[in-house]
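**Q** Let me give you the structure first, and then I'll get to my questions.
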Amino acid sequence: MKIKAVYLIISIFFPVALFASTTPCPLSNGINVHTKKRILNICKHGTVIKTFKVALGYKGVGKKHAGDNKTPIGLYGLAHPRKSNQFKVFIPILYPTTKQLAAGYTGRDVGIHGPTQSSSMFRWLNNLPSSTRGCIAVGNNNHIEYVANWVKANPGTKVLII
């Protein structure tokens with residue numbers, strides 16, 4: 001009885017809408033990037049199976065134009081991961097969407113990638129950068145390989161960036 005009363009009070013003063021943005025898996029099967037928390041969650045059937053800290057565009061979020069150094073917000077498809085000399089692995093985000101193109105959004109080469117690769121003498125520097133030019137960067141090569149392998153094993157994976 002007391003539990004129902006507490007639930008009633010909470011639901012009156014704190015509507016469910018307030019909690020929607022804190023849900024770790026709004027996209028129940030795919031990749032969820034929470035920009036305010038700077039985390040990437042890989043979700044399956046609504047359950048987080050892996051979480052990584054990420055770096056985002058150094059000018060923030062809300063990409064609209066090429067070169068604005070912002071990370072896009074929205075739901076996007078992902079292309080097949082590819083090897084990258086610069087980032088080990090690059091997973092292209094299919095930005096802009098058809099609707100965004102119609103609205104005048106521009107840009108390309110936005111993706112999820114690993115840290116910038118360096119010579120073996122400086123390999124210890126390969127950790128999460130503080131920012132990117134609009135991409136989503138995970139902290140080390142093992143992390144990006146995990147994400148890439150998950151995307152390969154789950155064709156049609158989408159990313160929700162909120």
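Chains: A, B, ... in order of the structure tokens. Residues: from 1 per chain. Ligands: from 1, in order shown.
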Write out as a VMD selection string the residues lying within 9 Å of Val147 in chain A, counting only C-alpha atoms and excluding same-chain residues fewer than 4 positions away.

**A** chain A and resid 31 42 91 112 142 to 143 151 to 152

**Q** Which residues, written as a list in words, have at least one atom at most 7 Å from Val138 in chain A, with only C-alpha atoms counted and residues fewer than 2 positions away on the same chain left out?

**A**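 Answer for this query is Phe52, Lys53, Val54, Ala55, His113, Gly114, Pro115, Leu128, Ile136, Asn140, His143 and Ile144 of chain A.
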
**Q** What gap, in Å, lies between CA of Asn69 in chain A and CA of Asn85 in chain A?

**A**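 Those two atoms sit 21.1 Å apart.
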
**Q** Leaving out range 155-158 of chain A and any residue of its chain fewer than 6 positions from it, which residues lie within 9 Å of it when counting only C-alpha atoms, given as an MDAnalysis selection string?

**A** chainID A and resid 27 29:32 75:80 93

**Q** For a test of reading the model, state the distance in Å between CA of Ser131 in chain A and CA of Asp68 in chain A, rounded to one decimal.

**A**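 Separation of CA of Ser131 in chain A and CA of Asp68 in chain A: 13.3 Å.
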
**Q** Could you work out how far CA of Val33 in chain A lies from CA of Arg108 in chain A, giving the answer in Å with one decimal?

**A** 18.8 Å

**Q** Looking at A:Ala137, A:Pro96, A:Ala153, A:Phe87, which one is nearest to Gly74 in chain A, with distances taken over only C-alpha atoms?

**A**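 Smallest distance to Gly74 in chain A is found for A:Pro96.
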
**Q** Counting only C-alpha atoms, which residue out of A:Thr116, A:Thr71, A:Thr97, A:Asn149 sits closest to His34 in chain A?

**A**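 Among the listed residues, the smallest separation from His34 in chain A belongs to A:Thr71.
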
**Q** Using only C-alpha atoms, which residues sit within 8 Å of Thr51 in chain A once same-chain residues fewer than 3 positions away are excluded, as a ChimeraX atom specification?

**A** /A:39-42,48

**Q** Keeping only all heavy atoms, write the selected residues as a PDB file, in the first residue's frame.

**A**
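Final output, saved to selection08.pdb:
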```pdb
ATOM      1  N   ILE A  39      28.346   9.458 -23.361  1.00  0.00           N
ATOM      2  CA  ILE A  39      28.492   8.002 -23.356  1.00  0.00           C
ATOM      3  C   ILE A  39      27.797   7.403 -24.575  1.00  0.00           C
ATOM      4  O   ILE A  39      26.855   7.976 -25.117  1.00  0.00           O
ATOM      5  CB  ILE A  39      27.931   7.342 -22.076  1.00  0.00           C
ATOM      6  CG1 ILE A  39      26.460   7.661 -21.879  1.00  0.00           C
ATOM      7  CG2 ILE A  39      28.767   7.701 -20.862  1.00  0.00           C
ATOM      8  CD1 ILE A  39      25.802   6.828 -20.796  1.00  0.00           C
ATOM      9  N   LEU A  40      28.295   6.265 -24.986  1.00  0.00           N
ATOM     10  CA  LEU A  40      27.726   5.478 -26.062  1.00  0.00           C
ATOM     11  C   LEU A  40      27.291   4.155 -25.440  1.00  0.00           C
ATOM     12  O   LEU A  40      28.108   3.474 -24.815  1.00  0.00           O
ATOM     13  CB  LEU A  40      28.782   5.244 -27.142  1.00  0.00           C
ATOM     14  CG  LEU A  40      28.417   4.402 -28.352  1.00  0.00           C
ATOM     15  CD1 LEU A  40      29.247   4.843 -29.557  1.00  0.00           C
ATOM     16  CD2 LEU A  40      28.599   2.923 -28.125  1.00  0.00           C
ATOM     17  N   ASN A  41      26.012   3.828 -25.580  1.00  0.00           N
ATOM     18  CA  ASN A  41      25.495   2.555 -25.095  1.00  0.00           C
ATOM     19  C   ASN A  41      25.145   1.682 -26.283  1.00  0.00           C
ATOM     20  O   ASN A  41      24.438   2.135 -27.194  1.00  0.00           O
ATOM     21  CB  ASN A  41      24.215   2.748 -24.259  1.00  0.00           C
ATOM     22  CG  ASN A  41      24.477   3.347 -22.907  1.00  0.00           C
ATOM     23  OD1 ASN A  41      25.537   3.169 -22.336  1.00  0.00           O
ATOM     24  ND2 ASN A  41      23.508   4.076 -22.376  1.00  0.00           N
ATOM     25  N   ILE A  42      25.609   0.445 -26.262  1.00  0.00           N
ATOM     26  CA  ILE A  42      25.158  -0.538 -27.232  1.00  0.00           C
ATOM     27  C   ILE A  42      24.029  -1.301 -26.555  1.00  0.00           C
ATOM     28  O   ILE A  42      24.211  -1.834 -25.453  1.00  0.00           O
ATOM     29  CB  ILE A  42      26.297  -1.476 -27.663  1.00  0.00           C
ATOM     30  CG1 ILE A  42      27.386  -0.661 -28.363  1.00  0.00           C
ATOM     31  CG2 ILE A  42      25.761  -2.588 -28.558  1.00  0.00           C
ATOM     32  CD1 ILE A  42      28.586  -1.468 -28.789  1.00  0.00           C
ATOM     33  N   VAL A  48      21.290  -2.440 -21.949  1.00  0.00           N
ATOM     34  CA  VAL A  48      22.643  -1.992 -22.277  1.00  0.00           C
ATOM     35  C   VAL A  48      23.586  -3.186 -22.159  1.00  0.00           C
ATOM     36  O   VAL A  48      23.663  -3.819 -21.111  1.00  0.00           O
ATOM     37  CB  VAL A  48      23.110  -0.863 -21.333  1.00  0.00           C
ATOM     38  CG1 VAL A  48      24.560  -0.486 -21.630  1.00  0.00           C
ATOM     39  CG2 VAL A  48      22.202   0.346 -21.441  1.00  0.00           C
TER      40      VAL A  48
END
```

**Q** Counting only C-alpha atoms, which residue out of A:Cys25, A:Ala102, A:Val89, A:Val110 sits closest to Ile73 in chain A?

**A** A:Val110

**Q** Could you give me, as a list in words, each residue of range 63-143 of chain A that DSSP assigns to alpha helix (DSSP H) when run on this structure's backbone?

**A** Thr98, Lys99, Gln100, Leu101, Ala102, Asn141, Asn142 and His143 of chain A

**Q** Selection from above, all heavy atoms, as a PDB file, in the first residue's frame, can you write it?

**A**
```pdb
ATOM      1  N   THR A  98      17.624  12.267 -45.536  1.00  0.00           N
ATOM      2  CA  THR A  98      16.913  12.872 -46.668  1.00  0.00           C
ATOM      3  C   THR A  98      16.175  14.142 -46.226  1.00  0.00           C
ATOM      4  O   THR A  98      16.224  15.168 -46.913  1.00  0.00           O
ATOM      5  CB  THR A  98      15.909  11.857 -47.268  1.00  0.00           C
ATOM      6  OG1 THR A  98      16.635  10.671 -47.609  1.00  0.00           O
ATOM      7  CG2 THR A  98      15.233  12.400 -48.497  1.00  0.00           C
ATOM      8  N   LYS A  99      15.520  14.081 -45.068  1.00  0.00           N
ATOM      9  CA  LYS A  99      14.810  15.263 -44.554  1.00  0.00           C
ATOM     10  C   LYS A  99      15.790  16.393 -44.247  1.00  0.00           C
ATOM     11  O   LYS A  99      15.498  17.559 -44.495  1.00  0.00           O
ATOM     12  CB  LYS A  99      14.023  14.914 -43.283  1.00  0.00           C
ATOM     13  CG  LYS A  99      12.733  14.204 -43.536  1.00  0.00           C
ATOM     14  CD  LYS A  99      11.967  14.020 -42.242  1.00  0.00           C
ATOM     15  CE  LYS A  99      10.629  13.383 -42.490  1.00  0.00           C
ATOM     16  NZ  LYS A  99       9.850  13.237 -41.245  1.00  0.00           N
ATOM     17  N   GLN A 100      16.939  16.044 -43.675  1.00  0.00           N
ATOM     18  CA  GLN A 100      17.922  17.073 -43.350  1.00  0.00           C
ATOM     19  C   GLN A 100      18.495  17.705 -44.623  1.00  0.00           C
ATOM     20  O   GLN A 100      18.710  18.912 -44.678  1.00  0.00           O
ATOM     21  CB  GLN A 100      19.031  16.494 -42.470  1.00  0.00           C
ATOM     22  CG  GLN A 100      18.560  16.200 -41.062  1.00  0.00           C
ATOM     23  CD  GLN A 100      19.580  15.457 -40.231  1.00  0.00           C
ATOM     24  OE1 GLN A 100      20.371  14.666 -40.742  1.00  0.00           O
ATOM     25  NE2 GLN A 100      19.560  15.705 -38.928  1.00  0.00           N
ATOM     26  N   LEU A 101      18.729  16.884 -45.649  1.00  0.00           N
ATOM     27  CA  LEU A 101      19.196  17.427 -46.924  1.00  0.00           C
ATOM     28  C   LEU A 101      18.189  18.421 -47.478  1.00  0.00           C
ATOM     29  O   LEU A 101      18.555  19.512 -47.935  1.00  0.00           O
ATOM     30  CB  LEU A 101      19.410  16.296 -47.943  1.00  0.00           C
ATOM     31  CG  LEU A 101      20.739  15.568 -47.900  1.00  0.00           C
ATOM     32  CD1 LEU A 101      20.708  14.356 -48.813  1.00  0.00           C
ATOM     33  CD2 LEU A 101      21.874  16.506 -48.283  1.00  0.00           C
ATOM     34  N   ALA A 102      16.899  18.050 -47.437  1.00  0.00           N
ATOM     35  CA  ALA A 102      15.841  18.929 -47.932  1.00  0.00           C
ATOM     36  C   ALA A 102      15.778  20.235 -47.142  1.00  0.00           C
ATOM     37  O   ALA A 102      15.391  21.274 -47.681  1.00  0.00           O
ATOM     38  CB  ALA A 102      14.489  18.212 -47.882  1.00  0.00           C
ATOM     39  N   ASN A 141      41.597   1.506 -29.174  1.00  0.00           N
ATOM     40  CA  ASN A 141      41.388   0.622 -30.318  1.00  0.00           C
ATOM     41  C   ASN A 141      40.492  -0.568 -29.986  1.00  0.00           C
ATOM     42  O   ASN A 141      39.699  -0.996 -30.822  1.00  0.00           O
ATOM     43  CB  ASN A 141      42.734   0.144 -30.856  1.00  0.00           C
ATOM     44  CG  ASN A 141      43.519   1.271 -31.495  1.00  0.00           C
ATOM     45  OD1 ASN A 141      42.947   2.240 -31.974  1.00  0.00           O
ATOM     46  ND2 ASN A 141      44.832   1.163 -31.490  1.00  0.00           N
ATOM     47  N   ASN A 142      40.595  -1.115 -28.782  1.00  0.00           N
ATOM     48  CA  ASN A 142      39.736  -2.232 -28.409  1.00  0.00           C
ATOM     49  C   ASN A 142      38.264  -1.816 -28.399  1.00  0.00           C
ATOM     50  O   ASN A 142      37.395  -2.593 -28.787  1.00  0.00           O
ATOM     51  CB  ASN A 142      40.113  -2.787 -27.033  1.00  0.00           C
ATOM     52  CG  ASN A 142      41.455  -3.482 -27.058  1.00  0.00           C
ATOM     53  OD1 ASN A 142      41.915  -3.952 -28.092  1.00  0.00           O
ATOM     54  ND2 ASN A 142      42.112  -3.517 -25.915  1.00  0.00           N
ATOM     55  N   HIS A 143      37.999  -0.591 -27.975  1.00  0.00           N
ATOM     56  CA  HIS A 143      36.622  -0.109 -27.923  1.00  0.00           C
ATOM     57  C   HIS A 143      36.030   0.028 -29.319  1.00  0.00           C
ATOM     58  O   HIS A 143      34.905  -0.408 -29.571  1.00  0.00           O
ATOM     59  CB  HIS A 143      36.536   1.220 -27.190  1.00  0.00           C
ATOM     60  CG  HIS A 143      36.901   1.136 -25.749  1.00  0.00           C
ATOM     61  ND1 HIS A 143      37.077   2.263 -24.974  1.00  0.00           N
ATOM     62  CD2 HIS A 143      37.141   0.093 -24.921  1.00  0.00           C
ATOM     63  CE1 HIS A 143      37.390   1.905 -23.743  1.00  0.00           C
ATOM     64  NE2 HIS A 143      37.448   0.584 -23.699  1.00  0.00           N
TER      65      HIS A 143
END
```

**Q** Can you check which residues of range 25-156 of chain A DSSP gives as strand (DSSP E or B) on the backbone and send them as a PyMOL selection string?

**A** chain A and resi 30-34+39-44+47-55+57+61+71+74-78+82-84+88-93+111-113+132+136-138
